[in-house]
>>> print(open('target_31.txt').read())   # compact mmCIF, C-alpha atoms and all ligand atoms
# COMPACT_ATOMS: atom_id res chain seq x y z
CA MET A 1 -102.11 -103.35 -12.89
CA LYS A 2 -104.03 -103.57 -9.61
CA LEU A 3 -104.08 -101.04 -6.79
CA ILE A 4 -105.01 -102.34 -3.34
CA HIS A 5 -105.85 -99.27 -1.31
CA ALA A 6 -106.02 -100.10 2.40
CA GLY A 7 -106.59 -97.94 5.47
CA HIS A 8 -103.26 -99.13 6.84
CA ILE A 9 -100.42 -101.15 5.34
CA ILE A 10 -97.79 -102.93 7.44
CA PRO A 11 -95.08 -103.92 4.95
CA VAL A 12 -92.93 -105.64 7.67
CA ARG A 13 -89.87 -104.42 5.72
CA PRO A 14 -88.90 -101.71 6.54
CA ALA A 15 -89.52 -102.71 10.15
CA ASN A 16 -92.12 -101.11 12.40
CA VAL A 17 -93.67 -99.00 9.64
CA VAL A 18 -97.40 -98.41 9.11
CA TRP A 19 -98.47 -96.61 5.92
CA SER A 20 -101.79 -94.75 5.67
CA ASP A 21 -103.34 -93.42 2.45
CA HIS A 22 -101.08 -95.68 0.46
CA CYS A 23 -101.75 -98.59 -1.84
CA VAL A 24 -99.95 -101.73 -2.88
CA VAL A 25 -99.36 -101.73 -6.62
CA VAL A 26 -99.65 -105.26 -7.98
CA ASP A 27 -98.45 -106.23 -11.43
CA LYS A 28 -99.65 -109.79 -12.18
CA ASP A 29 -98.04 -111.93 -9.44
CA LEU A 30 -95.62 -109.27 -8.20
CA VAL A 31 -95.63 -106.28 -5.88
CA LYS A 32 -94.47 -103.25 -7.83
CA GLY A 33 -94.34 -100.99 -4.80
CA ILE A 34 -96.21 -99.21 -2.02
CA ILE A 35 -96.94 -95.60 -2.93
CA PRO A 36 -99.39 -92.82 -1.96
CA PHE A 37 -102.79 -93.66 -3.44
CA ALA A 38 -103.26 -90.29 -5.19
CA GLU A 39 -99.94 -90.72 -6.99
CA ALA A 40 -100.80 -94.29 -8.02
CA VAL A 41 -104.16 -93.27 -9.51
CA GLU A 42 -102.46 -90.55 -11.52
CA THR A 43 -99.76 -92.92 -12.79
CA TRP A 44 -102.12 -95.82 -13.62
CA PRO A 45 -105.56 -94.29 -14.28
CA GLU A 46 -106.76 -97.53 -15.89
CA ALA A 47 -105.73 -99.75 -12.97
CA GLU A 48 -108.25 -102.01 -11.23
CA ILE A 49 -108.77 -100.65 -7.71
CA THR A 50 -109.67 -102.61 -4.56
CA GLU A 51 -110.85 -100.32 -1.77
CA LEU A 52 -110.27 -101.54 1.78
CA PRO A 53 -110.71 -98.35 3.86
CA ASP A 54 -111.23 -100.01 7.25
CA HIS A 55 -108.57 -102.63 6.78
CA VAL A 56 -105.00 -103.34 7.62
CA LEU A 57 -103.05 -104.99 4.81
CA ILE A 58 -100.14 -107.23 5.79
CA PRO A 59 -97.96 -109.81 4.06
CA GLY A 60 -99.71 -113.18 3.94
CA LEU A 61 -99.01 -115.19 7.10
CA ILE A 62 -96.62 -118.14 6.91
CA ASN A 63 -97.47 -121.23 8.95
CA THR A 64 -93.97 -122.69 9.29
CA HIS A 65 -94.97 -126.08 10.68
CA THR A 66 -98.03 -128.14 10.09
CA HIS A 67 -99.32 -131.54 8.98
CA SER A 68 -102.25 -130.40 6.86
CA PRO A 69 -104.09 -133.74 6.35
CA MET A 70 -104.30 -134.15 10.14
CA THR A 71 -107.18 -131.66 10.15
CA LEU A 72 -109.28 -134.83 9.69
CA LEU A 73 -108.04 -135.96 13.14
CA ARG A 74 -108.98 -132.67 14.82
CA GLY A 75 -110.54 -133.51 18.18
CA TYR A 76 -110.22 -137.24 17.49
CA ALA A 77 -108.17 -137.89 20.64
CA ASP A 78 -107.60 -135.08 23.12
CA ASP A 79 -106.29 -134.54 26.64
CA LEU A 80 -103.73 -137.35 26.39
CA ASP A 81 -99.98 -137.70 26.92
CA LEU A 82 -98.04 -137.20 23.63
CA HIS A 83 -96.82 -140.79 23.38
CA VAL A 84 -100.17 -142.34 24.36
CA TRP A 85 -101.86 -139.95 21.92
CA LEU A 86 -99.55 -141.03 19.09
CA LYS A 87 -99.30 -144.77 19.78
CA ASP A 88 -102.87 -145.58 20.81
CA HIS A 89 -104.87 -143.17 18.68
CA ILE A 90 -103.13 -141.17 15.94
CA TRP A 91 -100.85 -143.88 14.53
CA PRO A 92 -103.59 -146.58 14.40
CA ALA A 93 -105.92 -144.13 12.62
CA GLU A 94 -103.18 -143.17 10.19
CA LYS A 95 -102.27 -146.83 9.60
CA LYS A 96 -105.87 -147.60 8.68
CA PHE A 97 -106.71 -144.59 6.57
CA VAL A 98 -103.71 -142.64 5.28
CA GLY A 99 -103.65 -142.63 1.51
CA PRO A 100 -104.30 -140.20 -1.34
CA GLU A 101 -107.99 -139.74 -0.47
CA PHE A 102 -107.28 -138.94 3.19
CA VAL A 103 -104.46 -136.56 2.25
CA ALA A 104 -106.47 -134.79 -0.47
CA ASP A 105 -109.54 -134.28 1.73
CA GLY A 106 -107.52 -133.30 4.82
CA THR A 107 -105.28 -130.91 2.92
CA ARG A 108 -108.27 -129.24 1.22
CA LEU A 109 -109.90 -128.71 4.62
CA ALA A 110 -106.61 -127.32 5.98
CA VAL A 111 -106.04 -125.02 3.02
CA ALA A 112 -109.61 -123.68 3.29
CA GLU A 113 -109.06 -122.97 6.99
CA MET A 114 -105.66 -121.38 6.42
CA ILE A 115 -106.76 -119.09 3.58
CA ARG A 116 -109.72 -117.96 5.70
CA SER A 117 -107.27 -117.15 8.50
CA GLY A 118 -104.82 -115.15 6.39
CA VAL A 119 -102.17 -117.81 5.76
CA THR A 120 -100.70 -117.73 2.25
CA CYS A 121 -97.87 -120.25 2.67
CA PHE A 122 -97.51 -123.31 4.85
CA ASN A 123 -94.64 -125.66 5.57
CA ASP A 124 -96.02 -129.17 5.60
CA MET A 125 -94.78 -132.56 6.79
CA TYR A 126 -96.89 -135.54 5.79
CA PHE A 127 -97.13 -138.64 3.61
CA PHE A 128 -98.34 -138.48 -0.01
CA PRO A 129 -96.85 -135.00 -0.59
CA GLU A 130 -97.70 -135.32 -4.29
CA THR A 131 -101.38 -135.14 -3.29
CA THR A 132 -100.72 -132.12 -1.06
CA ILE A 133 -99.15 -130.40 -4.08
CA ASP A 134 -102.13 -131.20 -6.32
CA VAL A 135 -104.55 -129.69 -3.80
CA CYS A 136 -102.41 -126.57 -3.36
CA LEU A 137 -102.07 -126.00 -7.10
CA ASP A 138 -105.83 -126.41 -7.54
CA ALA A 139 -106.47 -123.86 -4.78
CA GLY A 140 -103.67 -121.46 -5.79
CA MET A 141 -102.01 -121.88 -2.39
CA ARG A 142 -98.27 -121.59 -1.78
CA ALA A 143 -96.64 -124.48 0.09
CA SER A 144 -93.29 -125.73 1.19
CA VAL A 145 -93.78 -129.46 0.94
CA GLY A 146 -91.80 -131.89 3.02
CA ILE A 147 -90.34 -135.07 1.59
CA PRO A 148 -91.31 -137.30 4.54
CA ILE A 149 -88.64 -139.57 6.00
CA ILE A 150 -89.18 -142.00 8.85
CA ASP A 151 -87.39 -145.24 9.67
CA MET A 152 -90.46 -147.45 9.29
CA GLU A 153 -92.75 -148.74 6.59
CA THR A 154 -95.81 -146.60 5.91
CA ALA A 155 -98.50 -146.50 3.25
CA TRP A 156 -96.30 -144.10 1.25
CA ALA A 157 -92.93 -145.86 1.27
CA SER A 158 -91.33 -149.05 2.54
CA ASP A 159 -87.80 -148.05 3.55
CA ILE A 160 -85.36 -145.16 3.50
CA ASN A 161 -84.39 -145.79 -0.13
CA SER A 162 -87.98 -145.60 -1.30
CA TYR A 163 -88.69 -142.45 0.76
CA VAL A 164 -85.70 -140.72 -0.79
CA GLU A 165 -86.27 -141.98 -4.34
CA LYS A 166 -89.97 -141.08 -4.36
CA GLY A 167 -89.22 -137.71 -2.81
CA LEU A 168 -86.50 -136.82 -5.30
CA ARG A 169 -88.66 -137.92 -8.25
CA LEU A 170 -91.44 -135.65 -6.99
CA TYR A 171 -88.96 -132.79 -6.54
CA ASP A 172 -87.68 -133.22 -10.11
CA ARG A 173 -91.22 -133.21 -11.46
CA MET A 174 -92.41 -130.18 -9.48
CA LYS A 175 -89.38 -128.00 -8.85
CA ALA A 176 -90.35 -125.52 -11.58
CA GLU A 177 -93.79 -124.86 -9.99
CA PRO A 178 -93.58 -121.29 -8.66
CA LEU A 179 -95.96 -121.94 -5.74
CA ILE A 180 -94.19 -125.08 -4.53
CA SER A 181 -90.89 -125.50 -2.73
CA PHE A 182 -89.45 -128.50 -0.92
CA THR A 183 -87.83 -129.52 2.34
CA LEU A 184 -86.49 -132.83 3.57
CA SER A 185 -88.72 -133.72 6.50
CA PRO A 186 -87.32 -136.43 8.75
CA HIS A 187 -89.93 -136.92 11.47
CA ALA A 188 -87.66 -136.61 14.54
CA PRO A 189 -84.25 -137.75 15.82
CA TYR A 190 -85.92 -140.69 17.63
CA THR A 191 -87.51 -142.07 14.45
CA VAL A 192 -84.44 -142.00 12.18
CA SER A 193 -81.05 -143.74 12.51
CA ASP A 194 -77.62 -142.09 12.39
CA GLU A 195 -77.12 -143.53 8.92
CA ILE A 196 -80.31 -141.82 7.72
CA LEU A 197 -79.33 -138.53 9.37
CA ASN A 198 -76.01 -138.67 7.49
CA ARG A 199 -77.81 -139.32 4.22
CA ILE A 200 -80.20 -136.40 4.85
CA SER A 201 -77.23 -134.15 5.51
CA VAL A 202 -75.63 -135.06 2.16
CA LEU A 203 -78.92 -134.60 0.26
CA SER A 204 -79.59 -131.27 1.95
CA ALA A 205 -76.16 -129.94 0.95
CA GLU A 206 -76.44 -131.33 -2.59
CA HIS A 207 -79.88 -129.81 -3.38
CA ASN A 208 -79.88 -126.96 -0.85
CA PHE A 209 -83.00 -128.47 0.76
CA PRO A 210 -84.02 -127.02 4.12
CA VAL A 211 -84.32 -129.83 6.72
CA HIS A 212 -87.63 -129.66 8.58
CA MET A 213 -87.71 -131.82 11.69
CA HIS A 214 -89.32 -132.10 15.13
CA VAL A 215 -86.45 -131.67 17.61
CA LEU A 216 -86.51 -131.69 21.42
CA GLU A 217 -90.28 -131.73 21.63
CA THR A 218 -90.24 -133.45 25.04
CA GLU A 219 -87.86 -134.41 27.83
CA TRP A 220 -88.49 -138.08 26.94
CA GLU A 221 -86.66 -137.54 23.65
CA ILE A 222 -83.41 -136.66 25.45
CA LYS A 223 -83.65 -139.72 27.76
CA GLN A 224 -84.39 -142.00 24.82
CA SER A 225 -81.42 -140.65 22.88
CA GLN A 226 -79.08 -141.07 25.85
CA GLN A 227 -80.26 -144.67 26.29
CA GLN A 228 -80.14 -145.68 22.63
CA HIS A 229 -77.20 -143.65 21.34
CA ASN A 230 -75.49 -142.43 24.50
CA LEU A 231 -75.76 -138.96 23.00
CA HIS A 232 -77.97 -135.89 23.29
CA PRO A 233 -80.22 -135.48 20.19
CA LEU A 234 -78.54 -132.18 19.26
CA THR A 235 -75.12 -133.90 19.39
CA ARG A 236 -76.40 -136.58 17.00
CA LEU A 237 -77.58 -133.85 14.61
CA GLU A 238 -74.26 -132.06 14.99
CA HIS A 239 -72.32 -135.25 14.22
CA ALA A 240 -74.41 -135.72 11.08
CA GLY A 241 -73.58 -132.17 9.97
CA LEU A 242 -77.19 -131.06 10.29
CA LEU A 243 -76.79 -128.19 12.75
CA ASP A 244 -76.66 -125.37 10.24
CA SER A 245 -78.72 -122.64 8.60
CA ARG A 246 -80.68 -125.19 6.54
CA LEU A 247 -82.21 -126.74 9.68
CA LEU A 248 -85.73 -125.81 10.84
CA ALA A 249 -85.89 -127.31 14.32
CA VAL A 250 -89.53 -127.52 15.35
CA HIS A 251 -90.62 -127.29 19.02
CA MET A 252 -87.29 -127.07 20.92
CA THR A 253 -88.87 -127.07 24.37
CA GLN A 254 -85.83 -128.60 26.13
CA LEU A 255 -82.95 -126.17 25.60
CA SER A 256 -80.04 -125.32 27.90
CA ALA A 257 -78.24 -121.95 27.76
CA ASP A 258 -75.31 -123.69 25.99
CA ASP A 259 -77.67 -125.20 23.41
CA ILE A 260 -79.05 -121.74 22.61
CA VAL A 261 -75.54 -120.33 22.03
CA LYS A 262 -74.78 -123.28 19.76
CA LEU A 263 -78.01 -122.82 17.74
CA ALA A 264 -77.37 -119.10 17.33
CA SER A 265 -73.83 -119.56 16.06
CA ALA A 266 -74.88 -122.38 13.72
CA GLY A 267 -77.72 -120.27 12.26
CA VAL A 268 -80.37 -122.93 13.05
CA HIS A 269 -83.97 -121.71 12.68
CA VAL A 270 -86.42 -122.58 15.45
CA VAL A 271 -90.11 -123.09 14.72
CA HIS A 272 -92.11 -122.33 17.83
CA CYS A 273 -95.52 -124.05 18.16
CA PRO A 274 -96.68 -122.83 21.57
CA GLN A 275 -100.29 -124.05 21.51
CA SER A 276 -99.37 -127.60 20.51
CA ASN A 277 -96.63 -127.69 23.16
CA LEU A 278 -99.03 -126.42 25.82
CA LYS A 279 -101.84 -128.77 24.83
CA LEU A 280 -99.59 -131.85 24.85
CA ALA A 281 -97.77 -130.56 27.97
CA SER A 282 -94.51 -131.08 26.10
CA GLY A 283 -92.67 -128.15 27.64
CA ILE A 284 -92.11 -124.51 26.73
CA CYS A 285 -89.74 -123.22 24.09
CA PRO A 286 -87.59 -120.43 25.64
CA LEU A 287 -88.59 -117.81 23.08
CA THR A 288 -87.15 -114.76 24.84
CA ALA A 289 -83.71 -116.34 25.28
CA LEU A 290 -83.67 -117.50 21.64
CA VAL A 291 -84.60 -114.04 20.34
CA GLU A 292 -82.01 -112.38 22.59
CA ALA A 293 -79.36 -114.78 21.30
CA GLY A 294 -80.23 -113.79 17.72
CA VAL A 295 -81.86 -117.07 16.66
CA ASN A 296 -84.41 -116.71 13.85
CA VAL A 297 -87.73 -117.92 15.31
CA ALA A 298 -90.78 -118.59 13.14
CA LEU A 299 -94.22 -119.76 14.22
CA GLY A 300 -96.21 -122.86 13.37
CA THR A 301 -99.52 -124.28 14.47
CA ASP A 302 -98.47 -127.94 14.21
CA GLY A 303 -101.25 -130.24 13.01
CA ALA A 304 -104.88 -129.60 13.94
CA ALA A 305 -104.89 -132.84 15.95
CA SER A 306 -102.73 -131.19 18.62
CA ASN A 307 -103.74 -127.52 18.54
CA ASN A 308 -106.69 -127.86 17.50
CA ASP A 309 -106.79 -125.26 14.76
CA LEU A 310 -104.51 -123.75 12.13
CA ASP A 311 -104.95 -120.19 13.38
CA LEU A 312 -101.51 -118.57 13.12
CA LEU A 313 -102.73 -115.22 14.43
CA ALA A 314 -103.81 -116.92 17.67
CA GLU A 315 -100.46 -118.69 17.76
CA GLY A 316 -98.70 -115.32 17.59
CA GLN A 317 -100.77 -113.99 20.46
CA THR A 318 -100.05 -117.08 22.55
CA ALA A 319 -96.31 -116.81 21.78
CA ALA A 320 -96.18 -113.20 22.97
CA LEU A 321 -98.23 -113.76 26.14
CA LEU A 322 -96.36 -116.92 27.08
CA ALA A 323 -92.96 -115.26 26.57
CA LYS A 324 -93.97 -112.36 28.79
CA GLY A 325 -95.52 -114.61 31.43
CA ILE A 326 -92.59 -116.97 31.85
CA SER A 327 -89.87 -114.33 31.57
CA GLY A 328 -91.62 -111.99 34.03
CA ASP A 329 -90.88 -109.20 31.57
CA ALA A 330 -93.78 -107.37 29.88
CA GLU A 331 -91.34 -105.91 27.35
CA ALA A 332 -90.25 -109.35 26.16
CA VAL A 333 -91.28 -110.11 22.56
CA ASN A 334 -93.13 -107.04 21.33
CA ALA A 335 -96.05 -106.97 18.90
CA PHE A 336 -93.94 -106.17 15.83
CA GLU A 337 -91.55 -109.04 16.61
CA VAL A 338 -94.59 -111.34 16.66
CA ILE A 339 -95.64 -110.10 13.21
CA GLU A 340 -92.11 -110.84 11.97
CA MET A 341 -92.35 -114.38 13.39
CA MET A 342 -95.62 -114.88 11.47
CA THR A 343 -94.20 -113.57 8.18
CA ILE A 344 -90.59 -112.74 7.28
CA ASN A 345 -88.98 -115.09 9.83
CA GLY A 346 -90.89 -118.05 8.39
CA ALA A 347 -89.85 -116.99 4.88
CA ARG A 348 -86.22 -116.79 6.01
CA ALA A 349 -86.34 -120.22 7.65
CA LEU A 350 -87.69 -121.71 4.41
CA GLY A 351 -85.19 -119.90 2.21
CA LEU A 352 -88.08 -117.99 0.58
CA ASP A 353 -87.36 -114.50 1.91
CA ASP A 354 -86.38 -113.23 -1.53
CA ARG A 355 -89.95 -114.03 -2.66
CA VAL A 356 -92.35 -113.67 0.29
CA GLY A 357 -92.62 -112.55 3.93
CA SER A 358 -92.90 -108.78 3.40
CA ILE A 359 -94.63 -106.36 1.01
CA GLU A 360 -91.73 -105.10 -1.06
CA ALA A 361 -91.18 -104.29 -4.72
CA GLY A 362 -90.19 -107.41 -6.62
CA LYS A 363 -91.70 -109.85 -4.13
CA GLN A 364 -94.70 -112.03 -4.73
CA ALA A 365 -98.08 -110.38 -4.06
CA ASP A 366 -99.01 -112.64 -1.11
CA LEU A 367 -101.28 -110.40 0.94
CA CYS A 368 -103.84 -110.52 3.71
CA ALA A 369 -106.38 -107.87 4.69
CA LEU A 370 -108.18 -107.73 8.04
CA ASN A 371 -111.20 -105.53 8.61
CA MET A 372 -110.45 -103.57 11.79
CA ARG A 373 -113.89 -101.91 11.83
CA SER A 374 -115.06 -104.26 14.51
CA PRO A 375 -115.75 -103.60 18.20
CA GLU A 376 -112.87 -105.91 19.19
CA THR A 377 -110.29 -103.70 17.46
CA GLN A 378 -111.63 -100.19 18.12
CA PRO A 379 -110.44 -97.57 18.76
CA LEU A 380 -107.43 -98.18 16.58
CA HIS A 381 -104.79 -96.50 18.76
CA HIS A 382 -101.92 -98.63 17.60
CA VAL A 383 -102.39 -100.73 14.47
CA ILE A 384 -99.55 -103.19 15.12
CA SER A 385 -100.53 -104.04 18.70
CA GLN A 386 -104.24 -104.16 17.85
CA LEU A 387 -103.44 -106.72 15.16
CA VAL A 388 -101.47 -108.95 17.54
CA TYR A 389 -103.37 -108.58 20.81
CA ALA A 390 -106.96 -107.91 19.74
CA ALA A 391 -107.66 -109.01 16.17
CA SER A 392 -108.93 -112.46 15.29
CA THR A 393 -109.12 -114.48 12.10
CA ARG A 394 -112.84 -113.65 11.89
CA GLN A 395 -111.63 -110.26 10.66
CA VAL A 396 -109.62 -111.67 7.73
CA SER A 397 -111.54 -110.51 4.67
CA ASP A 398 -109.30 -110.74 1.60
CA VAL A 399 -106.29 -112.86 0.72
CA TRP A 400 -104.09 -112.97 -2.36
CA VAL A 401 -101.38 -115.46 -3.30
CA ALA A 402 -99.09 -114.48 -6.19
CA GLY A 403 -101.55 -111.72 -7.07
CA LYS A 404 -104.52 -114.10 -7.35
CA GLN A 405 -107.38 -113.43 -4.94
CA LEU A 406 -108.20 -116.60 -2.97
CA LEU A 407 -110.51 -114.92 -0.42
CA GLU A 408 -112.80 -112.07 -1.41
CA GLY A 409 -114.96 -110.39 1.22
CA GLY A 410 -114.62 -113.50 3.39
CA GLU A 411 -115.57 -115.94 0.58
CA LEU A 412 -113.20 -118.56 -0.80
CA THR A 413 -112.80 -118.16 -4.55
CA THR A 414 -110.98 -121.38 -5.47
CA ILE A 415 -112.32 -123.95 -2.98
CA ASP A 416 -115.86 -125.33 -2.80
CA LEU A 417 -116.49 -125.02 0.94
CA ASP A 418 -119.67 -127.13 0.85
CA ALA A 419 -117.74 -130.01 -0.69
CA VAL A 420 -115.02 -129.63 1.95
CA MET A 421 -117.61 -129.80 4.73
CA GLU A 422 -119.21 -132.87 3.17
CA SER A 423 -115.86 -134.69 3.02
CA ALA A 424 -115.22 -133.80 6.69
CA ARG A 425 -118.55 -135.47 7.59
CA LYS A 426 -117.54 -138.58 5.61
CA TRP A 427 -114.24 -138.85 7.55
CA HIS A 428 -116.00 -138.30 10.83
CA SER A 429 -118.08 -141.44 10.19
CA ARG A 430 -115.06 -143.51 9.15
CA LEU A 431 -112.95 -142.43 12.13
CA ALA A 432 -115.79 -142.93 14.61
CA TRP A 433 -116.16 -146.50 13.30
CA LEU A 434 -112.42 -147.11 13.82
CA GLU A 435 -112.48 -145.74 17.35
CA ARG A 436 -115.34 -148.14 18.21
CA GLN A 437 -113.29 -151.02 16.76
CA LEU A 438 -110.23 -150.05 18.82
CA VAL A 439 -112.30 -149.80 22.01
CA SER A 440 -113.89 -153.24 21.47
CA GLU A 441 -110.48 -154.81 20.62
CA GLY A 442 -109.08 -153.26 23.82
CA LYS A 443 -111.96 -154.76 25.83
CA GLU A 444 -111.39 -158.20 24.25
CA GLN A 445 -107.69 -158.08 25.12
CA GLN A 446 -108.53 -157.10 28.69
CA SER A 447 -111.01 -159.98 29.11
CA GLU A 448 -108.50 -162.48 27.61
CA SER A 449 -105.85 -161.39 30.11
ZN ZN B 501 -95.52 -131.51 14.15
>>> encode(input="target_31.txt", output="structure tokens")
Amino acid sequence: MKLIHAGHIIPVRPANVVWSDHCVVVDKDLVKGIIPFAEAVETWPEAEITELPDHVLIPGLINTHTHSPMTLLRGYADDLDLHVWLKDHIWPAEKKFVGPEFVADGTRLAVAEMIRSGVTCFNDMYFFPETTIDVCLDAGMRASVGIPIIDMETAWASDINSYVEKGLRLYDRMKAEPLISFTLSPHAPYTVSDEILNRISVLSAEHNFPVHMHVLETEWEIKQSQQQHNLHPLTRLEHAGLLDSRLLAVHMTQLSADDIVKLASAGVHVVHCPQSNLKLASGICPLTALVEAGVNVALGTDGAASNNDLDLLAEGQTAALLAKGISGDAEAVNAFEVIEMMTINGARALGLDDRVGSIEAGKQADLCALNMRSPETQPLHHVISQLVYAASTRQVSDVWVAGKQLLEGGELTTIDLDAVMESARKWHSRLAWLERQLVSEGKEQQSES
């Protein structure tokens, strides 16, 4: 038995509660309860005790949308239009380098960054998911791993049949792993056909897979869909039977009032990635209207190539400020609602809310402690708002996943950070070489024309 005694505990469920002088009782991988510390010591005098007197203990954060290996492309091409960014920079780099080595090194870098910033579970969409799983299991990290689906040949699979077959084989092999869960992850409506959408719908119903997809990221996507299919992207998803409570629709910056009503009644989850949307000037997800309509909204960072970090706490702060700024209402999206979006709402979207997302008896001991004894968060008038509006990931000190401590006093316990930094340097050299090649090829083409 372990007792984690923190200055303050925000269990998230029940809502809006902050416990003082309490501890979280952890039995192996599970939370046994939150009880007054004095009572716990009396009941379990032999228990191992972790003292965190200046800290706030919260459920581990859930990054509900990312592409972890893309940390290697952080800062590789910035300040560009989304489609130019993808076509001229990101896709050529991925075409050249994406494989198990890229995915292993990028995921390890991402997992190191996420653990250090209090994230205990991430929902990933990328190629070579089997490698992502290996890295997560090595590090003790929880992940919801996407089976990638895109209507084009990539280094991982050649066509829709091979994407699905490889994905299902991986699922069969790994479904008993307690830290790993799966989604179907079609890239976006504009990169999959109607036939593929129908197939995804059948597979999702058959295996109860959540469907994790970029939807309505930009206005361009609606125009493209009208031109190619004579239909709005949401109508295509509706026709395929995908507009339901298994869908995690990421971005959603182009929503009408009618769309929001439809999403709410269908039980679709929205994953809001405000910093990526702002950086790529994609548009702004109408968070306040979605929350008012009763839509479950979770938060994601997106990949580090368009953010440029995996800092979910900063994402929460941006979400709150942006919602207030564009609605003209300072009461819109309060601090506790932001904490829910970073924890229990992500768990709900992923179908994991019986296991994670709050500190409750019977749930997994996925926990994050932040040291609030720092000038930035003093005086501690209101723990919940200080956490959302003033705290930063620099204050994350200790992190547990399934009861195992992955960060102790700011130090990673399962990842060799020096090795991660060395591999980042190696990829910097390789990517810089590629960028020089692309620039010289571009110059040659210009001189030929
Ligand atoms: Zn994304």
>>> closest_residue(input="target_31.txt", among="A:Leu255, A:Val399, A:Ile62, A:Ala139", to="Thr218 (chain A)", atoms="all atoms listed in the file")
A:Leu255
>>> atom_distance(input="target_31.txt", atom1="CA of Asp29 (chain A)", atom2="CA of Met174 (chain A)")
19.1 Å
>>> closest_atom_pairs(input="target_31.txt", of="region 215-293 of chain A", to="region 343-348 of chain A", cutoff="10 Å", atoms="only C-alpha atoms", output="Markdown table")
| residue | atom | partner | partner_atom | distance |
| --- | --- | --- | --- | --- |
| A:Ser245 | CA | A:Arg348 | CA | 9.9 |
| A:Leu248 | CA | A:Gly346 | CA | 9.6 |
| A:His269 | CA | A:Arg348 | CA | 8.6 |
| A:Val270 | CA | A:Gly346 | CA | 9.5 |
| A:Val271 | CA | A:Gly346 | CA | 8.1 |
>>> axis_aligned_box(input="target_31.txt", around="region 92-109 of chain A", padding_each_side="8 Å", output="lines of an AutoDock Vina configuration file")
center_x = -106.1
center_y = -138.2
center_z = 6.5
size_x = 23.6
size_y = 34.9
size_z = 31.7
>>> closest_residue(input="target_31.txt", among="A:Gly316, A:Pro189, A:Gly167, A:Gly410", to="Val145 (chain A)", atoms="all atoms listed in the file")
A:Gly167
>>> residues_near_ligand(input="target_31.txt", ligand="ligand ZN 501 (chain B)", cutoff="7 Å", atoms="only C-alpha atoms and all ligand atoms", output="PyMOL selection string")
chain A and resi 65-67+214+302-303
>>> atom_distance(input="target_31.txt", atom1="CA of Val202 (chain A)", atom2="CA of Leu242 (chain A)")
9.2 Å
>>> closest_residue(input="target_31.txt", among="A:Gly99, A:Pro69, A:Pro59, A:Pro210", to="Gly351 (chain A)", atoms="all atoms listed in the file")
A:Pro210
>>> residues_around(input="target_31.txt", residues="Gly357 (chain A)", least_positions_apart="3", cutoff="10 Å", atoms="all atoms listed in the file", output="VMD selection string")
chain A and resid 11 to 13 58 to 62 120 to 121 340 to 348 352 to 354 360 363 to 367
>>> closest_residue(input="target_31.txt", among="A:Lys28, A:Leu86, A:Lys96, A:His55", to="Leu434 (chain A)", atoms="all atoms listed in the file")
A:Lys96
>>> closest_residue(input="target_31.txt", among="A:Val56, A:Ala391, A:Ala93, A:Val135", to="Trp427 (chain A)", atoms="all atoms listed in the file")
A:Ala93
>>> closest_residue(input="target_31.txt", among="A:Cys23, A:Tyr190, A:Arg394, A:Leu3", to="Gln226 (chain A)", atoms="all atoms listed in the file")
A:Tyr190
>>> atom_distance(input="target_31.txt", atom1="CA of Glu219 (chain A)", atom2="CA of Ile284 (chain A)")
10.8 Å
>>> residues_around(input="target_31.txt", residues="Glu435 (chain A)", least_positions_apart="4", cutoff="9 Å", atoms="all atoms listed in the file", output="PyMOL selection string")
chain A and resi 76+89+93+430-431+439-440
>>> residues_around(input="target_31.txt", residues="Leu313 (chain A)", least_positions_apart="4", cutoff="9 Å", atoms="only C-alpha atoms", output="MDAnalysis selection string")
chainID A and resid 61 117:118 317:318 339 342 387:388 391:393
>>> residues_around(input="target_31.txt", residues="Ala390 (chain A)", least_positions_apart="6", cutoff="12 Å", atoms="only C-alpha atoms", output="JSON, numbers by chain")
{"A": [313, 314, 316, 317, 318, 335, 370, 372, 374, 375, 376, 377, 378, 379, 380, 381, 382, 383, 384]}
>>> residues_around(input="target_31.txt", residues="Ala319 (chain A)", least_positions_apart="3", cutoff="10 Å", atoms="all atoms listed in the file", output="MDAnalysis selection string")
chainID A and resid 272:275 285 287:288 299 313:316 322:325 333 338 341
